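This is entry-v9.cif. It holds mmCIF, C-alpha atoms, pLDDT in the B column; chains and numbers go by the auth columns.
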data_work
loop_
_atom_site.group_PDB
_atom_site.id
_atom_site.type_symbol
_atom_site.label_atom_id
_atom_site.label_comp_id
_atom_site.label_asym_id
_atom_site.label_seq_id
_atom_site.Cartn_x
_atom_site.Cartn_y
_atom_site.Cartn_z
_atom_site.B_iso_or_equiv
_atom_site.auth_seq_id
_atom_site.auth_asym_id
ATOM 1 C CA MET A 1 -19.048 -19.340 6.007 79.00 1 A
ATOM 2 C CA ALA A 2 -18.228 -15.931 4.593 92.00 2 A
ATOM 3 C CA ASN A 3 -19.931 -14.814 1.391 95.00 3 A
ATOM 4 C CA PRO A 4 -17.366 -13.245 -0.986 96.00 4 A
ATOM 5 C CA MET A 5 -20.032 -11.387 -2.965 96.00 5 A
ATOM 6 C CA ALA A 6 -21.383 -9.812 0.220 97.00 6 A
ATOM 7 C CA ILE A 7 -17.853 -8.883 1.305 97.00 7 A
ATOM 8 C CA PHE A 8 -17.165 -7.361 -2.112 97.00 8 A
ATOM 9 C CA GLY A 9 -20.348 -5.298 -1.829 97.00 9 A
ATOM 10 C CA ARG A 10 -19.365 -4.211 1.675 98.00 10 A
ATOM 11 C CA ALA A 11 -15.868 -3.223 0.462 98.00 11 A
ATOM 12 C CA MET A 12 -17.302 -1.128 -2.339 98.00 12 A
ATOM 13 C CA GLN A 13 -19.835 0.536 -0.034 98.00 13 A
ATOM 14 C CA ALA A 14 -17.179 1.303 2.581 98.00 14 A
ATOM 15 C CA LYS A 15 -15.023 2.859 -0.157 98.00 15 A
ATOM 16 C CA ALA A 16 -17.958 5.004 -1.316 98.00 16 A
ATOM 17 C CA ASP A 17 -18.668 6.026 2.285 98.00 17 A
ATOM 18 C CA GLY A 18 -15.060 7.093 2.883 97.00 18 A
ATOM 19 C CA GLU A 19 -14.433 4.235 5.314 98.00 19 A
ATOM 20 C CA TYR A 20 -11.177 3.445 3.592 98.00 20 A
ATOM 21 C CA HIS A 21 -9.575 1.191 6.193 98.00 21 A
ATOM 22 C CA LYS A 22 -12.689 -1.021 6.375 98.00 22 A
ATOM 23 C CA SER A 23 -12.744 -1.218 2.600 98.00 23 A
ATOM 24 C CA LEU A 24 -9.066 -2.179 2.462 98.00 24 A
ATOM 25 C CA VAL A 25 -9.529 -4.936 5.032 98.00 25 A
ATOM 26 C CA ASP A 26 -12.316 -6.409 2.912 98.00 26 A
ATOM 27 C CA PHE A 27 -10.333 -6.205 -0.339 98.00 27 A
ATOM 28 C CA ILE A 28 -7.407 -7.958 1.317 97.00 28 A
ATOM 29 C CA TRP A 29 -9.751 -10.659 2.662 97.00 29 A
ATOM 30 C CA LEU A 30 -11.208 -11.160 -0.809 96.00 30 A
ATOM 31 C CA HIS A 31 -7.791 -11.652 -2.341 96.00 31 A
ATOM 32 C CA GLU A 32 -6.577 -14.007 0.366 95.00 32 A
ATOM 33 C CA HIS A 33 -9.722 -16.063 1.063 96.00 33 A
ATOM 34 C CA ALA A 34 -12.467 -15.772 -1.576 96.00 34 A
ATOM 35 C CA ALA A 35 -11.160 -18.692 -3.632 94.00 35 A
ATOM 36 C CA ASP A 36 -11.098 -20.864 -0.498 95.00 36 A
ATOM 37 C CA VAL A 37 -14.897 -20.517 -0.398 95.00 37 A
ATOM 38 C CA ASP A 38 -15.207 -21.539 -4.049 94.00 38 A
ATOM 39 C CA PRO A 39 -12.491 -21.643 -6.745 93.00 39 A
ATOM 40 C CA LEU A 40 -14.849 -19.780 -9.071 93.00 40 A
ATOM 41 C CA TYR A 41 -14.114 -16.670 -6.996 95.00 41 A
ATOM 42 C CA HIS A 42 -10.609 -16.483 -8.511 93.00 42 A
ATOM 43 C CA ALA A 43 -12.214 -14.430 -11.286 92.00 43 A
ATOM 44 C CA LEU A 44 -13.831 -12.022 -8.801 92.00 44 A
ATOM 45 C CA ARG A 45 -10.624 -11.484 -6.874 93.00 45 A
ATOM 46 C CA ARG A 46 -8.493 -10.970 -10.006 95.00 46 A
ATOM 47 C CA SER A 47 -10.860 -8.585 -11.724 95.00 47 A
ATOM 48 C CA TYR A 48 -13.539 -6.669 -9.832 96.00 48 A
ATOM 49 C CA ALA A 49 -11.882 -6.881 -6.414 96.00 49 A
ATOM 50 C CA LEU A 50 -8.478 -5.792 -7.718 97.00 50 A
ATOM 51 C CA SER A 51 -10.104 -2.953 -9.654 96.00 51 A
ATOM 52 C CA GLY A 52 -11.917 -1.805 -6.527 97.00 52 A
ATOM 53 C CA TRP A 53 -8.707 -2.096 -4.505 97.00 53 A
ATOM 54 C CA LEU A 54 -6.856 0.008 -7.077 96.00 54 A
ATOM 55 C CA GLU A 55 -9.636 2.630 -7.083 96.00 55 A
ATOM 56 C CA LEU A 56 -9.344 2.739 -3.306 97.00 56 A
ATOM 57 C CA GLY A 57 -5.592 3.204 -3.677 96.00 57 A
ATOM 58 C CA LEU A 58 -6.135 6.336 -5.724 94.00 58 A
ATOM 59 C CA VAL A 59 -7.756 8.036 -2.718 96.00 59 A
ATOM 60 C CA HIS A 60 -6.125 6.106 0.149 97.00 60 A
ATOM 61 C CA ALA A 61 -2.358 5.709 -0.183 96.00 61 A
ATOM 62 C CA PRO A 62 -2.106 2.734 2.242 97.00 62 A
ATOM 63 C CA ALA A 63 -4.341 0.727 -0.106 97.00 63 A
ATOM 64 C CA LEU A 64 -2.052 1.348 -3.060 96.00 64 A
ATOM 65 C CA GLU A 65 0.995 0.488 -0.987 96.00 65 A
ATOM 66 C CA SER A 66 -0.615 -2.738 0.249 97.00 66 A
ATOM 67 C CA LEU A 67 -1.371 -3.735 -3.357 96.00 67 A
ATOM 68 C CA ARG A 68 2.272 -3.116 -4.271 96.00 68 A
ATOM 69 C CA GLN A 69 3.370 -5.154 -1.238 97.00 69 A
ATOM 70 C CA LEU A 70 1.100 -7.984 -2.350 97.00 70 A
ATOM 71 C CA LEU A 71 2.788 -7.985 -5.755 96.00 71 A
ATOM 72 C CA ARG A 72 6.237 -8.039 -4.128 96.00 72 A
ATOM 73 C CA ARG A 73 5.200 -11.016 -1.954 96.00 73 A
ATOM 74 C CA LYS A 74 3.851 -12.903 -4.968 95.00 74 A
ATOM 75 C CA LEU A 75 7.028 -12.225 -6.959 95.00 75 A
ATOM 76 C CA ALA A 76 9.168 -13.425 -4.036 95.00 76 A
ATOM 77 C CA GLN A 77 6.996 -16.521 -3.717 94.00 77 A
ATOM 78 C CA ARG A 78 7.528 -17.282 -7.399 94.00 78 A
ATOM 79 C CA GLN A 79 11.280 -16.831 -7.042 93.00 79 A
ATOM 80 C CA GLN A 80 11.493 -19.060 -3.952 93.00 80 A
ATOM 81 C CA ALA A 81 9.038 -21.843 -4.750 88.00 81 A
ATOM 82 C CA GLY A 82 8.578 -21.624 -8.478 83.00 82 A
ATOM 83 C CA ALA A 83 5.461 -20.644 -10.295 78.00 83 A
ATOM 84 C CA ASP A 84 2.172 -22.351 -10.816 90.00 84 A
ATOM 85 C CA ALA A 85 -0.725 -21.245 -12.991 93.00 85 A
ATOM 86 C CA ALA A 86 -2.656 -19.603 -10.137 92.00 86 A
ATOM 87 C CA LEU A 87 0.356 -17.630 -8.921 94.00 87 A
ATOM 88 C CA GLU A 88 1.190 -16.492 -12.448 95.00 88 A
ATOM 89 C CA ALA A 89 -2.409 -15.404 -12.984 95.00 89 A
ATOM 90 C CA ASP A 90 -2.348 -13.421 -9.735 95.00 90 A
ATOM 91 C CA ILE A 91 0.927 -11.718 -10.669 95.00 91 A
ATOM 92 C CA ALA A 92 -0.324 -10.857 -14.164 96.00 92 A
ATOM 93 C CA ALA A 93 -3.598 -9.460 -12.807 96.00 93 A
ATOM 94 C CA ILE A 94 -1.906 -7.288 -10.187 96.00 94 A
ATOM 95 C CA GLN A 95 0.738 -6.063 -12.620 95.00 95 A
ATOM 96 C CA GLY A 96 -1.991 -5.255 -15.121 95.00 96 A
ATOM 97 C CA LYS A 97 -3.917 -3.193 -12.582 95.00 97 A
ATOM 98 C CA LEU A 98 -0.833 -1.360 -11.326 94.00 98 A
ATOM 99 C CA GLY A 99 0.350 -0.791 -14.890 91.00 99 A
ATOM 100 C CA ALA A 100 -2.917 0.991 -15.642 80.00 100 A
ATOM 101 C CA LEU A 101 -2.143 3.716 -13.110 75.00 101 A
ATOM 102 C CA PRO A 102 -1.572 7.140 -14.597 69.00 102 A
ATOM 103 C CA ALA A 103 2.038 8.212 -14.543 62.00 103 A
ATOM 104 C CA PRO A 104 2.854 10.591 -11.716 61.00 104 A
ATOM 105 C CA PRO A 105 3.346 14.174 -12.853 57.00 105 A
ATOM 106 C CA HIS A 106 6.932 15.184 -13.423 54.00 106 A
ATOM 107 C CA PRO A 107 8.180 18.148 -11.447 56.00 107 A
ATOM 108 C CA PRO A 108 8.726 21.214 -13.598 56.00 108 A
ATOM 109 C CA GLU A 109 12.154 21.551 -15.098 58.00 109 A
ATOM 110 C CA ARG A 110 14.336 24.048 -13.303 61.00 110 A
ATOM 111 C CA THR A 111 15.859 26.718 -15.429 58.00 111 A
ATOM 112 C CA PRO A 112 19.269 28.031 -14.515 62.00 112 A
ATOM 113 C CA SER A 113 19.136 31.427 -12.825 55.00 113 A
#
Once more with this new file: its structure as structure tokens, please.
Amino acid sequence: MANPMAIFGRAMQAKADGEYHKSLVDFIWLHEHAADVDPLYHALRRSYALSGWLELGLVHAPALESLRQLLRRKLAQRQQAGADAALEADIAAIQGKLGALPAPPHPPERTPS
């Protein structure tokens, strides 16, 4: 059986080593499967793993896009099947992480010539 703490450590190390795709694969696995190993891992996946995933997204655009896609899937799931406490907690955690992103810089205003 997979060890979520070991996978989290591997994801963080891969991120530090610049192995961004490997890191992303591990962060996705953590979100999708860690709680299947033990429900106590919901906390890991909603806090440390999402934070690591977001940090990865700041240097690897596909990671940020995959986190946004995950949020869209969760929102669609809520709309189609209704919400439960776990789904609402996931949505709130992801929205909180994405909401903490710095605003993109605005392009300079053009002055008429």
For Ala43 of chain A, which residue out of A:Asp90, A:Gln95, A:Ala100, A:Phe27 is the nearest one, using only C-alpha atoms?
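Smallest separation from Ala43 of chain A among the options: A:Asp90.
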Looking at A:Ala35, A:Met1, A:Leu24, A:Ala16, which one is nearest to Ala63 of chain A, with distances taken over only C-alpha atoms?
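Residue with the minimum atom-to-atom distance to Ala63 of chain A: A:Leu24.
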Between A:Leu98, A:Asn3, A:Gly52, A:His42, which is the closest to Gln69 of chain A once you count all atoms listed in the file?
A:Leu98
Mind pulling up the distance from atom CA of Gly57 of chain A to atom CA of Leu87 of chain A?
22.3 Å
Show me, as a PDB file with C-alpha atoms, keeping the file's coordinate frame, the residues that have an atom within 7 Å of Ala11 of chain A when counting all atoms listed in the file, minus same-chain residues fewer than 3 positions from it.
ATOM      1  CA  ILE A   7     -17.853  -8.883   1.305  1.00 97.00           C
ATOM      2  CA  PHE A   8     -17.165  -7.361  -2.112  1.00 97.00           C
ATOM      3  CA  ALA A  14     -17.179   1.303   2.581  1.00 98.00           C
ATOM      4  CA  LYS A  15     -15.023   2.859  -0.157  1.00 98.00           C
ATOM      5  CA  SER A  23     -12.744  -1.218   2.600  1.00 98.00           C
ATOM      6  CA  ASP A  26     -12.316  -6.409   2.912  1.00 98.00           C
ATOM      7  CA  PHE A  27     -10.333  -6.205  -0.339  1.00 98.00           C
TER       8      PHE A  27
END
With the file shown as input, list the residues that the PyMOL selection byres ((chain A and resi 64) around 12) selects, as a ChimeraX atom specification.
/A:20-21,24,27-28,50-63,65-71,94,97-98,101
Using the selection just defined, write its residues with C-alpha atoms as a CSV table (one decimal), keeping the file's coordinate frame.
chain,number,residue,atom,x,y,z
A,20,TYR,CA,-11.2,3.4,3.6
A,21,HIS,CA,-9.6,1.2,6.2
A,24,LEU,CA,-9.1,-2.2,2.5
A,27,PHE,CA,-10.3,-6.2,-0.3
A,28,ILE,CA,-7.4,-8.0,1.3
A,50,LEU,CA,-8.5,-5.8,-7.7
A,51,SER,CA,-10.1,-3.0,-9.7
A,52,GLY,CA,-11.9,-1.8,-6.5
A,53,TRP,CA,-8.7,-2.1,-4.5
A,54,LEU,CA,-6.9,0.0,-7.1
A,55,GLU,CA,-9.6,2.6,-7.1
A,56,LEU,CA,-9.3,2.7,-3.3
A,57,GLY,CA,-5.6,3.2,-3.7
A,58,LEU,CA,-6.1,6.3,-5.7
A,59,VAL,CA,-7.8,8.0,-2.7
A,60,HIS,CA,-6.1,6.1,0.1
A,61,ALA,CA,-2.4,5.7,-0.2
A,62,PRO,CA,-2.1,2.7,2.2
A,63,ALA,CA,-4.3,0.7,-0.1
A,65,GLU,CA,1.0,0.5,-1.0
A,66,SER,CA,-0.6,-2.7,0.2
A,67,LEU,CA,-1.4,-3.7,-3.4
A,68,ARG,CA,2.3,-3.1,-4.3
A,69,GLN,CA,3.4,-5.2,-1.2
A,70,LEU,CA,1.1,-8.0,-2.4
A,71,LEU,CA,2.8,-8.0,-5.8
A,94,ILE,CA,-1.9,-7.3,-10.2
A,97,LYS,CA,-3.9,-3.2,-12.6
A,98,LEU,CA,-0.8,-1.4,-11.3
A,101,LEU,CA,-2.1,3.7,-13.1
Find the distance between atom CA of His31 of chain A and atom CA of Pro4 of chain A and write it in Å to one decimal.
9.8 Å
For Ala2 of chain A, list every protein, DNA or RNA residue within 10 Å, evaluated using all atoms listed in the file, and leave out those in the same chain fewer than 6 positions away; present the list as a list in words.
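Contacts, in chain order: His33, Ala34 and Val37 of chain A.
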Output C-alpha atoms of each residue in that selection to a file, as a PDB file, keeping the file's coordinate frame.
ATOM      1  CA  HIS A  33      -9.722 -16.063   1.063  1.00 96.00           C
ATOM      2  CA  ALA A  34     -12.467 -15.772  -1.576  1.00 96.00           C
ATOM      3  CA  VAL A  37     -14.897 -20.517  -0.398  1.00 95.00           C
TER       4      VAL A  37
END
Could you tell me how far atom CA of Gly96 of chain A sits from atom CA of Glu19 of chain A, in Å to one decimal place?
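Atom-to-atom, atom CA of Glu19 of chain A to atom CA of Gly96 of chain A, that is 25.7 Å.
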Selected residue, from A:Leu75, A:Val25, A:Ala49, A:Leu40, that lies nearest to Gly9 of chain A when counting only C-alpha atoms
A:Ala49
List as a list of chain:residue names the protein and nucleic acid residues near Arg78 of chain A, meaning an atom at most 10 Å away when only C-alpha atoms are counted, but skip any in the same chain fewer than 6 places from it.
A:Arg72, A:Asp84, A:Leu87, A:Glu88, A:Ile91
Could you give me the axis-aligned bounding box of segment 8-17 of chain A, with 6 Å of padding per side, as centre plus edge lengths in Å to one decimal, as lines of an AutoDock Vina configuration file?
center_x = -17.7
center_y = -0.7
center_z = 0.1
size_x = 17.3
size_y = 25.4
size_z = 16.9
Residue completion, segment 26-59 of chain A, N, CA and C atoms, as a tab-separated table (two decimals), keeping the file's coordinate frame:
chain	number	residue	atom	x	y	z
A	26	ASP	N	-11.48	-5.51	3.70
A	26	ASP	CA	-12.32	-6.41	2.91
A	26	ASP	C	-11.65	-6.79	1.59
A	27	PHE	N	-11.01	-5.86	0.92
A	27	PHE	CA	-10.33	-6.20	-0.34
A	27	PHE	C	-9.20	-7.20	-0.09
A	28	ILE	N	-8.47	-7.01	0.98
A	28	ILE	CA	-7.41	-7.96	1.32
A	28	ILE	C	-8.01	-9.33	1.60
A	29	TRP	N	-9.10	-9.37	2.37
A	29	TRP	CA	-9.75	-10.66	2.66
A	29	TRP	C	-10.17	-11.34	1.36
A	30	LEU	N	-10.76	-10.58	0.46
A	30	LEU	CA	-11.21	-11.16	-0.81
A	30	LEU	C	-10.04	-11.80	-1.56
A	31	HIS	N	-8.93	-11.10	-1.60
A	31	HIS	CA	-7.79	-11.65	-2.34
A	31	HIS	C	-7.25	-12.91	-1.66
A	32	GLU	N	-7.20	-12.89	-0.35
A	32	GLU	CA	-6.58	-14.01	0.37
A	32	GLU	C	-7.51	-15.20	0.59
A	33	HIS	N	-8.83	-14.98	0.63
A	33	HIS	CA	-9.72	-16.06	1.06
A	33	HIS	C	-10.90	-16.39	0.16
A	34	ALA	N	-11.26	-15.53	-0.77
A	34	ALA	CA	-12.47	-15.77	-1.58
A	34	ALA	C	-12.41	-17.11	-2.31
A	35	ALA	N	-11.27	-17.44	-2.88
A	35	ALA	CA	-11.16	-18.69	-3.63
A	35	ALA	C	-11.20	-19.92	-2.73
A	36	ASP	N	-10.96	-19.74	-1.43
A	36	ASP	CA	-11.10	-20.86	-0.50
A	36	ASP	C	-12.57	-21.24	-0.35
A	37	VAL	N	-13.45	-20.27	-0.48
A	37	VAL	CA	-14.90	-20.52	-0.40
A	37	VAL	C	-15.34	-21.31	-1.62
A	38	ASP	N	-14.87	-20.87	-2.79
A	38	ASP	CA	-15.21	-21.54	-4.05
A	38	ASP	C	-14.16	-21.09	-5.08
A	39	PRO	N	-13.51	-22.02	-5.76
A	39	PRO	CA	-12.49	-21.64	-6.74
A	39	PRO	C	-13.01	-20.71	-7.84
A	40	LEU	N	-14.30	-20.69	-8.06
A	40	LEU	CA	-14.85	-19.78	-9.07
A	40	LEU	C	-14.62	-18.32	-8.70
A	41	TYR	N	-14.35	-18.05	-7.43
A	41	TYR	CA	-14.11	-16.67	-7.00
A	41	TYR	C	-12.73	-16.15	-7.38
A	42	HIS	N	-11.89	-17.01	-8.00
A	42	HIS	CA	-10.61	-16.48	-8.51
A	42	HIS	C	-10.88	-15.34	-9.48
A	43	ALA	N	-11.90	-15.48	-10.31
A	43	ALA	CA	-12.21	-14.43	-11.29
A	43	ALA	C	-12.61	-13.13	-10.59
A	44	LEU	N	-13.42	-13.21	-9.55
A	44	LEU	CA	-13.83	-12.02	-8.80
A	44	LEU	C	-12.62	-11.33	-8.20
A	45	ARG	N	-11.76	-12.10	-7.57
A	45	ARG	CA	-10.62	-11.48	-6.87
A	45	ARG	C	-9.60	-10.91	-7.84
A	46	ARG	N	-9.48	-11.47	-9.04
A	46	ARG	CA	-8.49	-10.97	-10.01
A	46	ARG	C	-9.03	-9.85	-10.89
A	47	SER	N	-10.31	-9.62	-10.86
A	47	SER	CA	-10.86	-8.59	-11.72
A	47	SER	C	-11.53	-7.49	-10.90
A	48	TYR	N	-12.77	-7.72	-10.52
A	48	TYR	CA	-13.54	-6.67	-9.83
A	48	TYR	C	-12.90	-6.25	-8.50
A	49	ALA	N	-12.46	-7.22	-7.72
A	49	ALA	CA	-11.88	-6.88	-6.41
A	49	ALA	C	-10.58	-6.11	-6.57
A	50	LEU	N	-9.72	-6.54	-7.51
A	50	LEU	CA	-8.48	-5.79	-7.72
A	50	LEU	C	-8.76	-4.40	-8.27
A	51	SER	N	-9.75	-4.29	-9.14
A	51	SER	CA	-10.10	-2.95	-9.65
A	51	SER	C	-10.59	-2.05	-8.53
A	52	GLY	N	-11.44	-2.58	-7.66
A	52	GLY	CA	-11.92	-1.80	-6.53
A	52	GLY	C	-10.78	-1.41	-5.60
A	53	TRP	N	-9.87	-2.35	-5.36
A	53	TRP	CA	-8.71	-2.10	-4.50
A	53	TRP	C	-7.86	-0.98	-5.12
A	54	LEU	N	-7.64	-1.03	-6.42
A	54	LEU	CA	-6.86	0.01	-7.08
A	54	LEU	C	-7.57	1.36	-6.99
A	55	GLU	N	-8.87	1.38	-7.22
A	55	GLU	CA	-9.64	2.63	-7.08
A	55	GLU	C	-9.50	3.19	-5.67
A	56	LEU	N	-9.55	2.31	-4.69
A	56	LEU	CA	-9.34	2.74	-3.31
A	56	LEU	C	-7.95	3.34	-3.14
A	57	GLY	N	-6.96	2.72	-3.77
A	57	GLY	CA	-5.59	3.20	-3.68
A	57	GLY	C	-5.40	4.59	-4.25
A	58	LEU	N	-6.26	5.00	-5.15
A	58	LEU	CA	-6.14	6.34	-5.72
A	58	LEU	C	-6.55	7.43	-4.75
A	59	VAL	N	-7.32	7.06	-3.72
A	59	VAL	CA	-7.76	8.04	-2.72
A	59	VAL	C	-7.22	7.72	-1.32
